[in-house]
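Novice: This one is final-v8.txt, compact mmCIF, C-alpha atoms and all ligand atoms.
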```txt
# COMPACT_ATOMS: atom_id res chain seq x y z
CA MET A 35 -3.60 40.03 -6.73
CA GLY A 36 -2.69 36.62 -5.38
CA PHE A 37 -3.21 33.25 -6.99
CA ASP A 38 -6.26 32.49 -9.08
CA LEU A 39 -7.02 28.98 -7.87
CA GLN A 40 -10.49 28.71 -9.40
CA PRO A 41 -9.66 27.62 -12.99
CA ALA A 42 -7.86 24.44 -11.88
CA LEU A 43 -10.64 23.61 -9.40
CA GLN A 44 -13.33 24.18 -12.02
CA LYS A 45 -11.47 22.06 -14.56
CA ARG A 46 -11.21 19.19 -12.04
CA LYS A 47 -14.99 19.36 -11.63
CA ALA A 48 -15.66 19.57 -15.35
CA ASP A 49 -13.42 16.52 -15.92
CA ASN A 50 -15.29 14.50 -13.27
CA LEU A 51 -12.04 14.24 -11.31
CA TYR A 52 -12.95 16.35 -8.29
CA ARG A 53 -12.25 14.53 -5.03
CA SER A 54 -14.05 14.94 -1.75
CA ARG A 55 -13.93 13.30 1.67
CA ARG A 56 -16.42 11.50 3.85
CA THR A 57 -16.47 11.65 7.62
CA LEU A 58 -16.51 8.37 9.51
CA GLU A 59 -18.14 8.14 12.89
CA GLY A 60 -16.55 4.84 13.95
CA PRO A 61 -14.26 2.00 12.83
CA GLN A 62 -13.45 1.97 9.16
CA GLN A 63 -14.91 -1.37 8.09
CA PRO A 64 -17.02 -3.38 7.38
CA GLU A 65 -20.11 -1.66 8.87
CA VAL A 66 -19.38 2.06 8.94
CA VAL A 67 -21.40 5.08 9.96
CA ILE A 68 -20.74 7.90 7.56
CA ASP A 69 -22.37 11.27 7.94
CA GLY A 70 -24.86 9.55 10.24
CA LYS A 71 -25.74 6.81 7.73
CA PRO A 72 -24.75 3.11 8.12
CA VAL A 73 -22.96 1.69 5.09
CA LEU A 74 -21.10 -1.50 4.21
CA ALA A 75 -17.56 -0.51 3.20
CA PHE A 76 -15.16 -2.11 0.73
CA CYS A 77 -12.45 0.50 0.62
CA SER A 78 -10.18 0.12 3.61
CA ASN A 79 -6.65 -1.30 3.48
CA ASP A 80 -7.22 -2.97 6.86
CA TYR A 81 -6.89 -6.31 5.08
CA LEU A 82 -6.81 -8.52 8.15
CA GLY A 83 -9.28 -6.61 10.31
CA LEU A 84 -6.62 -5.71 12.88
CA ALA A 85 -7.26 -1.95 13.09
CA ASN A 86 -10.17 -2.66 15.37
CA HIS A 87 -8.87 -5.77 17.14
CA PRO A 88 -9.46 -5.63 20.93
CA GLU A 89 -5.91 -6.73 21.80
CA VAL A 90 -4.37 -4.18 19.46
CA ILE A 91 -6.55 -1.47 20.97
CA ARG A 92 -5.61 -2.56 24.49
CA SER A 93 -1.89 -2.37 23.69
CA PHE A 94 -2.41 1.12 22.33
CA GLN A 95 -4.24 2.21 25.48
CA ASN A 96 -1.72 0.64 27.86
CA ALA A 97 1.19 2.24 26.04
CA ALA A 98 -0.51 5.64 26.17
CA ASN A 99 -0.66 5.22 29.95
CA GLN A 100 3.01 4.30 30.06
CA TYR A 101 4.52 6.69 27.51
CA GLY A 102 1.91 9.41 27.00
CA VAL A 103 0.46 10.03 23.58
CA GLY A 104 2.90 11.82 21.29
CA GLY A 105 6.38 10.69 20.23
CA GLY A 106 7.55 14.07 21.45
CA ALA A 107 10.59 14.48 19.19
CA SER A 108 12.39 12.90 16.26
CA HIS A 109 14.08 9.53 16.82
CA LEU A 110 17.55 11.08 16.91
CA VAL A 111 16.61 13.74 19.44
CA ASN A 112 14.46 12.27 22.17
CA GLY A 113 11.65 10.41 20.42
CA HIS A 114 12.99 6.85 20.21
CA SER A 115 11.26 4.83 22.95
CA ARG A 116 11.71 1.24 24.11
CA ALA A 117 8.46 0.50 22.23
CA HIS A 118 9.98 1.73 18.94
CA GLN A 119 13.20 -0.19 19.57
CA GLN A 120 11.40 -3.46 20.29
CA LEU A 121 9.15 -3.09 17.27
CA GLU A 122 12.19 -2.51 15.03
CA GLU A 123 13.83 -5.66 16.37
CA GLU A 124 10.66 -7.67 15.82
CA LEU A 125 10.22 -6.35 12.28
CA ALA A 126 13.83 -7.30 11.51
CA ALA A 127 13.14 -10.85 12.72
CA PHE A 128 9.83 -10.94 10.80
CA THR A 129 11.52 -9.97 7.53
CA GLY A 130 14.62 -12.11 8.12
CA ARG A 131 16.88 -9.05 7.87
CA PRO A 132 19.50 -7.94 10.41
CA ARG A 133 17.79 -4.63 11.06
CA ALA A 134 14.66 -2.59 10.47
CA LEU A 135 14.03 1.13 10.83
CA LEU A 136 10.72 2.84 11.52
CA PHE A 137 9.51 5.81 9.48
CA SER A 138 6.48 7.90 10.33
CA THR A 139 4.66 7.14 7.06
CA GLY A 140 5.22 5.05 3.99
CA TYR A 141 5.29 8.15 1.86
CA MET A 142 8.15 9.55 3.90
CA ALA A 143 10.01 6.23 3.93
CA ASN A 144 10.02 6.10 0.15
CA LEU A 145 11.11 9.72 -0.27
CA GLY A 146 13.80 9.30 2.37
CA VAL A 147 15.26 5.98 1.26
CA ILE A 148 15.59 6.75 -2.44
CA SER A 149 17.03 10.20 -1.87
CA ALA A 150 19.46 8.90 0.77
CA LEU A 151 20.78 6.18 -1.55
CA LEU A 152 20.97 8.14 -4.79
CA GLY A 153 22.10 11.54 -5.97
CA LYS A 154 23.08 13.38 -9.12
CA GLY A 155 24.90 11.08 -11.54
CA ASP A 156 23.10 7.94 -10.26
CA ALA A 157 20.12 6.29 -11.94
CA VAL A 158 16.74 5.08 -10.74
CA PHE A 159 14.49 2.68 -12.67
CA GLU A 160 10.83 2.57 -11.74
CA ASP A 161 7.93 0.43 -12.85
CA ARG A 162 5.49 2.75 -14.64
CA LEU A 163 2.71 1.99 -12.18
CA ASN A 164 4.73 2.48 -9.01
CA HIS A 165 3.09 4.28 -6.10
CA ALA A 166 3.31 8.09 -6.21
CA SER A 167 5.69 8.15 -3.24
CA LEU A 168 8.23 5.96 -5.07
CA LEU A 169 8.01 8.14 -8.17
CA ASP A 170 8.36 11.29 -6.08
CA GLY A 171 11.31 9.77 -4.21
CA GLY A 172 13.04 9.05 -7.50
CA LEU A 173 12.48 12.61 -8.72
CA LEU A 174 13.56 14.14 -5.42
CA SER A 175 16.83 12.17 -5.39
CA GLY A 176 18.22 14.05 -8.39
CA ALA A 177 19.24 10.74 -10.02
CA LYS A 178 18.49 10.12 -13.68
CA PHE A 179 14.86 8.99 -13.56
CA GLN A 180 13.65 6.28 -15.92
CA ARG A 181 10.39 4.38 -16.01
CA PHE A 182 10.12 0.91 -17.50
CA LEU A 183 7.00 -0.83 -18.81
CA HIS A 184 4.69 -2.26 -16.15
CA CYS A 185 5.77 -5.69 -14.96
CA ASP A 186 8.16 -6.02 -17.89
CA PRO A 187 11.66 -7.26 -16.95
CA ALA A 188 12.78 -7.02 -20.60
CA SER A 189 11.96 -3.31 -20.64
CA LEU A 190 13.91 -2.90 -17.38
CA GLU A 191 16.86 -4.78 -18.82
CA GLN A 192 16.95 -2.61 -21.94
CA LYS A 193 17.19 0.53 -19.84
CA LEU A 194 19.71 -0.89 -17.38
CA ALA A 195 21.98 -2.12 -20.16
CA ARG A 196 22.25 1.42 -21.53
CA THR A 197 23.21 3.02 -18.20
CA GLU A 198 26.72 3.71 -16.94
CA ALA A 199 25.73 5.37 -13.64
CA PRO A 200 27.79 4.34 -10.58
CA ARG A 201 24.69 3.51 -8.51
CA LYS A 202 21.61 2.01 -10.08
CA LEU A 203 18.45 1.37 -8.09
CA VAL A 204 15.49 -0.61 -9.44
CA VAL A 205 12.27 0.24 -7.62
CA ALA A 206 8.89 -1.52 -7.66
CA ASP A 207 5.71 -2.04 -5.71
CA GLY A 208 5.43 -5.65 -4.49
CA VAL A 209 1.65 -5.59 -4.93
CA PHE A 210 0.44 -2.74 -7.11
CA SER A 211 -1.90 -0.59 -5.10
CA MET A 212 -4.42 0.26 -7.82
CA ASP A 213 -4.33 -3.01 -9.80
CA GLY A 214 -3.71 -5.64 -7.12
CA ASN A 215 -1.26 -7.64 -9.22
CA ILE A 216 2.11 -8.84 -7.94
CA ALA A 217 5.35 -7.67 -9.59
CA PRO A 218 7.59 -10.30 -11.26
CA LEU A 219 10.20 -9.76 -8.59
CA LYS A 220 12.27 -12.88 -9.24
CA ASP A 221 12.92 -11.54 -12.74
CA TYR A 222 13.53 -7.98 -11.56
CA ALA A 223 16.02 -9.30 -9.02
CA ALA A 224 17.88 -11.36 -11.64
CA VAL A 225 18.06 -8.43 -14.08
CA ALA A 226 19.15 -6.05 -11.33
CA GLN A 227 21.91 -8.41 -10.16
CA LYS A 228 23.13 -8.97 -13.72
CA HIS A 229 23.61 -5.22 -14.11
CA ASP A 230 25.01 -4.61 -10.66
CA ALA A 231 21.94 -2.65 -9.55
CA TRP A 232 20.12 -2.79 -6.23
CA LEU A 233 16.45 -3.71 -5.97
CA MET A 234 14.04 -1.86 -3.67
CA VAL A 235 10.52 -3.19 -3.13
CA ASP A 236 7.64 -1.37 -1.48
CA ASP A 237 5.49 -4.16 -0.05
CA ALA A 238 2.84 -1.96 1.53
CA HIS A 239 0.07 -4.28 0.32
CA GLY A 240 1.89 -7.62 0.48
CA PHE A 241 2.85 -7.74 4.15
CA GLY A 242 0.15 -9.58 6.04
CA THR A 243 -1.63 -10.79 2.93
CA VAL A 244 0.87 -12.90 0.96
CA GLY A 245 3.75 -15.22 1.83
CA HIS A 246 4.11 -17.63 4.76
CA GLY A 247 2.90 -16.03 7.94
CA GLY A 248 2.10 -12.88 5.92
CA ARG A 249 5.79 -12.25 5.26
CA GLY A 250 4.99 -10.62 1.95
CA VAL A 251 6.45 -10.83 -1.52
CA ALA A 252 10.04 -11.38 -0.36
CA ASP A 253 8.88 -14.64 1.19
CA LEU A 254 6.62 -15.48 -1.76
CA PHE A 255 9.57 -15.28 -4.18
CA ASP A 256 12.17 -16.35 -1.64
CA LEU A 257 14.21 -13.16 -2.03
CA GLY A 258 16.96 -12.78 0.55
CA MET A 259 19.06 -9.71 1.17
CA ARG A 260 21.35 -10.32 -1.78
CA GLU A 261 18.46 -10.34 -4.27
CA LEU A 262 16.43 -7.73 -2.43
CA PRO A 263 18.64 -5.40 -0.38
CA VAL A 264 15.98 -2.75 0.31
CA LEU A 265 12.61 -3.97 1.60
CA MET A 266 10.01 -1.44 2.65
CA GLY A 267 6.61 -2.00 4.26
CA THR A 268 3.85 0.13 5.73
CA LEU A 269 1.97 -0.35 8.97
CA GLY A 270 -1.26 1.41 8.00
CA LYS A 271 -2.63 -1.49 5.97
CA ALA A 272 -2.65 -5.15 7.09
CA PHE A 273 -0.97 -4.21 10.38
CA GLY A 274 -3.95 -1.97 11.10
CA THR A 275 -1.91 0.85 12.67
CA SER A 276 0.21 3.61 11.13
CA GLY A 277 3.77 4.26 10.01
CA ALA A 278 6.28 2.31 7.94
CA PHE A 279 9.59 0.49 8.04
CA VAL A 280 12.59 -0.38 5.95
CA ALA A 281 14.44 -3.66 6.51
CA GLY A 282 17.93 -4.53 5.35
CA SER A 283 21.58 -4.77 6.28
CA GLU A 284 23.25 -3.07 9.21
CA GLU A 285 24.97 -0.73 6.73
CA LEU A 286 21.76 0.19 4.94
CA ILE A 287 19.96 1.05 8.16
CA GLU A 288 22.90 3.10 9.48
CA THR A 289 23.01 4.94 6.16
CA LEU A 290 19.32 5.79 6.47
CA ILE A 291 19.72 6.95 10.06
CA GLN A 292 22.54 9.27 8.98
CA PHE A 293 21.21 10.49 5.62
CA ALA A 294 17.44 9.97 5.17
CA ARG A 295 16.05 13.44 5.77
CA THR A 296 12.46 12.21 6.18
CA TYR A 297 13.73 10.02 9.02
CA ILE A 298 15.90 12.63 10.68
CA TYR A 299 13.65 15.68 10.59
CA THR A 300 10.29 14.37 11.71
CA THR A 301 8.55 13.30 14.91
CA SER A 302 8.52 9.56 15.65
CA ILE A 303 5.18 7.73 15.52
CA PRO A 304 3.44 7.67 18.91
CA PRO A 305 4.91 4.92 21.13
CA GLY A 306 1.37 3.61 21.55
CA VAL A 307 1.22 2.99 17.81
CA ALA A 308 4.49 1.06 18.07
CA GLU A 309 3.11 -1.07 20.94
CA ALA A 310 -0.17 -1.64 19.08
CA THR A 311 1.85 -2.72 16.04
CA ARG A 312 3.87 -5.18 18.14
CA THR A 313 0.59 -6.84 19.07
CA SER A 314 -0.80 -6.74 15.55
CA LEU A 315 2.44 -8.25 14.23
CA LYS A 316 1.95 -11.24 16.55
CA ILE A 317 -1.65 -11.71 15.46
CA LEU A 318 -0.78 -11.18 11.80
CA GLU A 319 1.81 -13.96 11.96
CA GLN A 320 -0.26 -16.37 14.04
CA ASP A 321 -3.77 -16.09 12.61
CA GLU A 322 -3.38 -17.99 9.37
CA TRP A 323 -7.18 -18.29 9.30
CA ARG A 324 -7.42 -14.57 8.50
CA ARG A 325 -5.48 -15.04 5.25
CA GLU A 326 -7.42 -18.23 4.44
CA HIS A 327 -10.76 -16.53 5.00
CA LEU A 328 -9.63 -13.55 2.94
CA GLN A 329 -8.57 -15.81 0.06
CA SER A 330 -11.94 -17.56 0.08
CA LEU A 331 -13.70 -14.17 -0.03
CA ILE A 332 -11.49 -13.13 -2.95
CA GLN A 333 -12.45 -16.30 -4.88
CA ARG A 334 -16.14 -15.78 -4.09
CA PHE A 335 -16.02 -12.16 -5.23
CA ARG A 336 -14.13 -12.92 -8.45
CA LEU A 337 -16.46 -15.76 -9.39
CA GLY A 338 -19.50 -13.53 -8.77
CA CYS A 339 -18.07 -10.71 -10.90
CA GLU A 340 -17.21 -13.08 -13.74
CA GLN A 341 -20.80 -14.34 -13.73
CA LEU A 342 -21.98 -10.73 -14.03
CA GLY A 343 -19.62 -10.06 -16.93
CA LEU A 344 -17.69 -7.40 -14.98
CA GLU A 345 -14.09 -6.78 -15.98
CA LEU A 346 -11.62 -7.64 -13.23
CA MET A 347 -7.86 -7.30 -13.21
CA ALA A 348 -5.35 -10.16 -12.87
CA SER A 349 -5.24 -9.98 -9.10
CA SER A 350 -5.13 -12.67 -6.43
CA THR A 351 -4.75 -10.12 -3.62
CA PRO A 352 -7.43 -8.27 -1.60
CA ILE A 353 -7.23 -5.38 -4.08
CA GLN A 354 -9.91 -6.31 -6.61
CA PRO A 355 -10.61 -3.42 -9.00
CA ILE A 356 -13.55 -3.55 -11.39
CA VAL A 357 -12.55 -1.75 -14.58
CA MET A 358 -15.11 0.82 -15.72
CA GLY A 359 -13.19 2.83 -18.33
CA GLU A 360 -14.31 6.43 -18.22
CA ALA A 361 -14.29 8.40 -14.98
CA ASP A 362 -18.02 9.27 -15.15
CA LYS A 363 -19.02 5.60 -15.37
CA ALA A 364 -16.87 4.69 -12.35
CA LEU A 365 -18.36 7.62 -10.42
CA SER A 366 -21.90 6.72 -11.39
CA PHE A 367 -21.44 3.10 -10.23
CA SER A 368 -19.90 4.27 -6.98
CA ARG A 369 -22.84 6.65 -6.37
CA LYS A 370 -25.41 3.96 -7.16
CA LEU A 371 -23.70 1.56 -4.76
CA GLU A 372 -23.77 4.24 -2.09
CA GLU A 373 -27.52 4.74 -2.64
CA ARG A 374 -27.80 1.04 -1.80
CA GLY A 375 -25.76 1.44 1.37
CA ILE A 376 -22.45 0.17 -0.01
CA LEU A 377 -19.23 2.13 -0.12
CA VAL A 378 -16.68 1.50 -2.88
CA THR A 379 -14.43 4.30 -4.09
CA ALA A 380 -14.06 5.25 -7.73
CA ILE A 381 -10.41 5.66 -8.69
CA ARG A 382 -9.79 8.03 -11.56
CA PRO A 383 -6.90 9.76 -13.32
CA PRO A 384 -4.35 10.99 -12.41
CA THR A 385 -4.17 8.13 -9.88
CA VAL A 386 -4.69 5.61 -12.72
CA PRO A 387 -4.13 5.99 -16.50
CA LYS A 388 -6.86 7.69 -18.57
CA GLY A 389 -9.58 5.31 -19.73
CA SER A 390 -8.92 2.87 -16.88
CA SER A 391 -11.07 4.40 -14.15
CA ARG A 392 -12.24 1.72 -11.78
CA LEU A 393 -14.11 0.77 -8.70
CA ARG A 394 -11.38 -0.19 -6.26
CA VAL A 395 -12.91 -2.94 -4.17
CA THR A 396 -10.74 -3.98 -1.26
CA LEU A 397 -11.64 -7.07 0.71
CA SER A 398 -10.75 -7.82 4.28
CA ALA A 399 -10.76 -10.77 6.64
CA SER A 400 -13.29 -8.73 8.61
CA HIS A 401 -15.88 -9.19 5.83
CA THR A 402 -18.31 -12.09 5.82
CA GLU A 403 -19.51 -14.17 2.86
CA GLU A 404 -22.96 -12.58 3.24
CA GLN A 405 -21.43 -9.13 2.88
CA ILE A 406 -19.65 -10.15 -0.34
CA ASP A 407 -22.97 -11.47 -1.63
CA ARG A 408 -24.65 -8.16 -0.77
CA LEU A 409 -22.03 -6.32 -2.82
CA LEU A 410 -22.50 -8.75 -5.74
CA ALA A 411 -26.29 -8.41 -5.61
CA ALA A 412 -26.02 -4.61 -5.72
CA LEU A 413 -23.55 -4.79 -8.62
CA GLU A 414 -25.97 -7.07 -10.47
CA GLU A 415 -28.83 -4.61 -10.07
CA ILE A 416 -26.75 -1.65 -11.18
CA THR A 417 -25.30 -3.53 -14.17
CA ARG A 418 -28.83 -4.46 -15.24
CA GLU A 419 -29.99 -0.84 -14.94
CA ASP A 420 -26.93 0.36 -16.82
CA LYS A 421 -27.66 -1.95 -19.74
CA ALA A 422 -31.40 -1.15 -19.84
N1 LIG B 1 3.35 2.68 -0.89
C1 LIG B 1 2.23 2.14 -1.36
C2 LIG B 1 2.32 1.06 -2.37
C3 LIG B 1 1.00 2.58 -0.87
O1 LIG B 1 -0.14 2.05 -1.35
C4 LIG B 1 0.97 3.60 0.09
C5 LIG B 1 -0.32 4.11 0.70
N2 LIG B 1 -1.42 4.20 -0.08
C6 LIG B 1 2.17 4.15 0.52
C7 LIG B 1 3.34 3.66 0.03
C8 LIG B 1 2.19 5.26 1.52
O2 LIG B 1 2.10 4.75 2.81
P1 LIG B 1 1.54 5.67 3.99
O3 LIG B 1 0.06 5.68 3.83
O4 LIG B 1 2.02 5.02 5.22
O5 LIG B 1 2.14 7.03 3.77
```
Can you dump the structure from the file as structure tokens?
Ligand code: PMP
Specialist:
Amino acid sequence: MGFDLQPALQKRKADNLYRSRRTLEGPQQPEVVIDGKPVLAFCSNDYLGLANHPEVIRSFQNAANQYGVGGGASHLVNGHSRAHQQLEEELAAFTGRPRALLFSTGYMANLGVISALLGKGDAVFEDRLNHASLLDGGLLSGAKFQRFLHCDPASLEQKLARTEAPRKLVVADGVFSMDGNIAPLKDYAAVAQKHDAWLMVDDAHGFGTVGHGGRGVADLFDLGMRELPVLMGTLGKAFGTSGAFVAGSEELIETLIQFARTYIYTTSIPPGVAEATRTSLKILEQDEWRREHLQSLIQRFRLGCEQLGLELMASSTPIQPIVMGEADKALSFSRKLEERGILVTAIRPPTVPKGSSRLRVTLSASHTEEQIDRLLAALEEITREDKA
């Protein structure tokens, strides 16, 4: 009796799609000790190198002394500290919105926001390559769920024009997490406004890396609250900490506080994480050199890959996938890199479409030019072997 779980596990293995974890012994990047072995890593989302910044760590430690470690309760019960409140106010100022609201993870923010704004009879329109949490949020909401072609405003318009729903929400990643490209948000915003729909953007990968002062895609495309009423970001990437936020109007934030179940029924992030994020936000805004250095590493990496004949995607962000095609090829490259002391994860279906398995290289301001060159030299060797 019970469930027979083996067939699905065996099939995952047979399809070369089985996933497993590694155990880190220290900071995530660039030099990492994994299972006792030092490796050079290119797979963290810590794009600005703030996760391990001494001032960020100090803020975390000081706040633990002041507040203790855990949030202790949900925000609406007893878990909303001065640290959370101040961070929300600073994130509102950072995004140029009246208010911001913290969520415990980006996944929960996306589930909570979409299902608080939409219900049965409404309609949600999602870019085909949106992050899983946005797709799941759309499905959970009970609204009519429609996907439009990737980065294709005309496809969005076609679907919007055929919809009579009272509330229509267009949802997109700002920077696509597996491809690294930036959504055509100016066009999405225009189409959404024309059809009286709202636009929601998940800028998990854009905050800190694009826009003036790292203000993300809203700044890059100059999208104010009218064009982009729902702006979401995560703290676990360029901010180097953990959690997420949504920024928007007073009314939007009050609606989320009242109706977003993933906000209401979960423990707040530790106050220390909020204090650490306040410090990382300051550094993220101030240290323009981090973005400049990162951009120069991106150019160096792309040029090197082009010289090796490797297929890159149209990305100017720190997400720089190398397209391999079949899952076994991506896995084999990833294993060969690891044998040479370099860690790059292979991304396979169902995370990406079949036939587009890739090595997802992520670059960070914490990398040096020499480290990029080491990665390129290893890729050159493996490519040569592969062709031989
Ligand atoms: N949105 C995007 C675009 C993401 O890449 C991620 C994380 N991979 C999330 C949301 C989820 O954020 P979190 O890790 O904070 O749950």
Novice: I'd like the contact shell of stretch 303-312 of chain A - 6 Å cut-off, only C-alpha atoms, skipping same-chain residues fewer than 5 positions apart - returned as a list of chain:residue names.
Specialist: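 Once the nearby chain positions are removed, what remains is A:Val90, A:Ser93, A:Phe94, A:Ala97, A:Ala98, A:Gly104, A:Gly105, A:Ala117, A:His118, A:Leu121, A:Ser138.
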Novice: Can you pull out every residue with an atom within 9 Å of ligand LIG 1 (chain B)? Use all atoms listed in the file and format it as a VMD selection string.
Specialist: chain A and resid 79 137 to 144 164 to 168 206 to 212 236 to 239 266 to 271 276 to 278
Novice: Which of these residues is nearest to A:Ile353, using all atoms listed in the file: A:Lys47, A:Arg336, A:Arg55, A:Arg131?
Specialist: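 Closest residue, counting all atoms listed in the file: A:Arg336.
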Novice: Please provide as JSON, numbers by chain all residues within 12 Å of stretch 356-358 of chain A, with the sequence filter that same-chain residues fewer than 3 positions apart are discarded (counting all atoms listed in the file).
Specialist: {"A": [212, 213, 214, 335, 336, 338, 339, 340, 342, 343, 344, 345, 346, 347, 348, 349, 353, 361, 362, 363, 364, 365, 366, 367, 368, 378, 379, 380, 381, 382, 386, 387, 388, 389, 390, 391, 392, 393, 394, 395, 396, 410, 413, 417, 420]}
Novice: Between atom CA of A:Asp156 and atom CA of A:Leu286, what is the spacing in Å?
Specialist: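 Answer for the atom CA of A:Leu286 to atom CA of A:Asp156 separation: 17.1 Å.
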Novice: Could you pull the residues within 10 Å of A:Leu254, counting all atoms listed in the file, minus those fewer than 4 positions along the same chain, as a ChimeraX atom specification?
Specialist: /A:219-220,240,244-246,248-250
Novice: For A:Met234, list every protein, DNA or RNA residue within 8 Å, evaluated using only C-alpha atoms, and leave out those in the same chain fewer than 5 positions away; present the list as a PDB file with C-alpha atoms, keeping the file's coordinate frame.
Specialist:
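Once written, out37.pdb looks like this:
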```pdb
ATOM      1  CA  LEU A 203      18.450   1.370  -8.090  1.00  0.00           C
ATOM      2  CA  VAL A 204      15.490  -0.610  -9.440  1.00  0.00           C
ATOM      3  CA  VAL A 205      12.270   0.240  -7.620  1.00  0.00           C
ATOM      4  CA  ALA A 206       8.890  -1.520  -7.660  1.00  0.00           C
ATOM      5  CA  LEU A 262      16.430  -7.730  -2.430  1.00  0.00           C
ATOM      6  CA  PRO A 263      18.640  -5.400  -0.380  1.00  0.00           C
ATOM      7  CA  VAL A 264      15.980  -2.750   0.310  1.00  0.00           C
ATOM      8  CA  LEU A 265      12.610  -3.970   1.600  1.00  0.00           C
ATOM      9  CA  MET A 266      10.010  -1.440   2.650  1.00  0.00           C
TER      10      MET A 266
END
```
Novice: Using all atoms listed in the file, give me every residue within 12 Å of (13.5, -2.6, 13.7) in file coordinates, as an mmCIF file with C-alpha atoms, in the coordinates of the input.
Specialist:
```cif
data_model
loop_
_atom_site.group_PDB
_atom_site.id
_atom_site.type_symbol
_atom_site.label_atom_id
_atom_site.label_comp_id
_atom_site.auth_asym_id
_atom_site.auth_seq_id
_atom_site.Cartn_x
_atom_site.Cartn_y
_atom_site.Cartn_z
ATOM 1 C CA HIS A 114 12.990 6.850 20.210
ATOM 2 C CA ARG A 116 11.710 1.240 24.110
ATOM 3 C CA ALA A 117 8.460 0.500 22.230
ATOM 4 C CA HIS A 118 9.980 1.730 18.940
ATOM 5 C CA GLN A 119 13.200 -0.190 19.570
ATOM 6 C CA GLN A 120 11.400 -3.460 20.290
ATOM 7 C CA LEU A 121 9.150 -3.090 17.270
ATOM 8 C CA GLU A 122 12.190 -2.510 15.030
ATOM 9 C CA GLU A 123 13.830 -5.660 16.370
ATOM 10 C CA GLU A 124 10.660 -7.670 15.820
ATOM 11 C CA LEU A 125 10.220 -6.350 12.280
ATOM 12 C CA ALA A 126 13.830 -7.300 11.510
ATOM 13 C CA ALA A 127 13.140 -10.850 12.720
ATOM 14 C CA PHE A 128 9.830 -10.940 10.800
ATOM 15 C CA THR A 129 11.520 -9.970 7.530
ATOM 16 C CA GLY A 130 14.620 -12.110 8.120
ATOM 17 C CA ARG A 131 16.880 -9.050 7.870
ATOM 18 C CA PRO A 132 19.500 -7.940 10.410
ATOM 19 C CA ARG A 133 17.790 -4.630 11.060
ATOM 20 C CA ALA A 134 14.660 -2.590 10.470
ATOM 21 C CA LEU A 135 14.030 1.130 10.830
ATOM 22 C CA LEU A 136 10.720 2.840 11.520
ATOM 23 C CA PHE A 137 9.510 5.810 9.480
ATOM 24 C CA MET A 266 10.010 -1.440 2.650
ATOM 25 C CA GLY A 267 6.610 -2.000 4.260
ATOM 26 C CA ALA A 278 6.280 2.310 7.940
ATOM 27 C CA PHE A 279 9.590 0.490 8.040
ATOM 28 C CA VAL A 280 12.590 -0.380 5.950
ATOM 29 C CA ALA A 281 14.440 -3.660 6.510
ATOM 30 C CA GLY A 282 17.930 -4.530 5.350
ATOM 31 C CA SER A 283 21.580 -4.770 6.280
ATOM 32 C CA GLU A 284 23.250 -3.070 9.210
ATOM 33 C CA ILE A 287 19.960 1.050 8.160
ATOM 34 C CA GLU A 288 22.900 3.100 9.480
ATOM 35 C CA ILE A 291 19.720 6.950 10.060
ATOM 36 C CA ALA A 308 4.490 1.060 18.070
ATOM 37 C CA THR A 311 1.850 -2.720 16.040
ATOM 38 C CA ARG A 312 3.870 -5.180 18.140
#
```
Novice: Measuring atom to atom with all atoms listed in the file, identify which of A:Pro383, A:Gly171, A:Ser108, A:Pro61 is nearest to A:Leu84.
Specialist: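 Between A:Pro383, A:Gly171, A:Ser108, A:Pro61, the residue approaching A:Leu84 most closely is A:Pro61.
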Novice: Which residue gives the smallest distance to A:Gly113 among A:Ala272, A:Leu409, A:Ala42, A:Ile298, with all atoms listed in the file counted?
Specialist: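 Smallest distance to A:Gly113 is found for A:Ile298.
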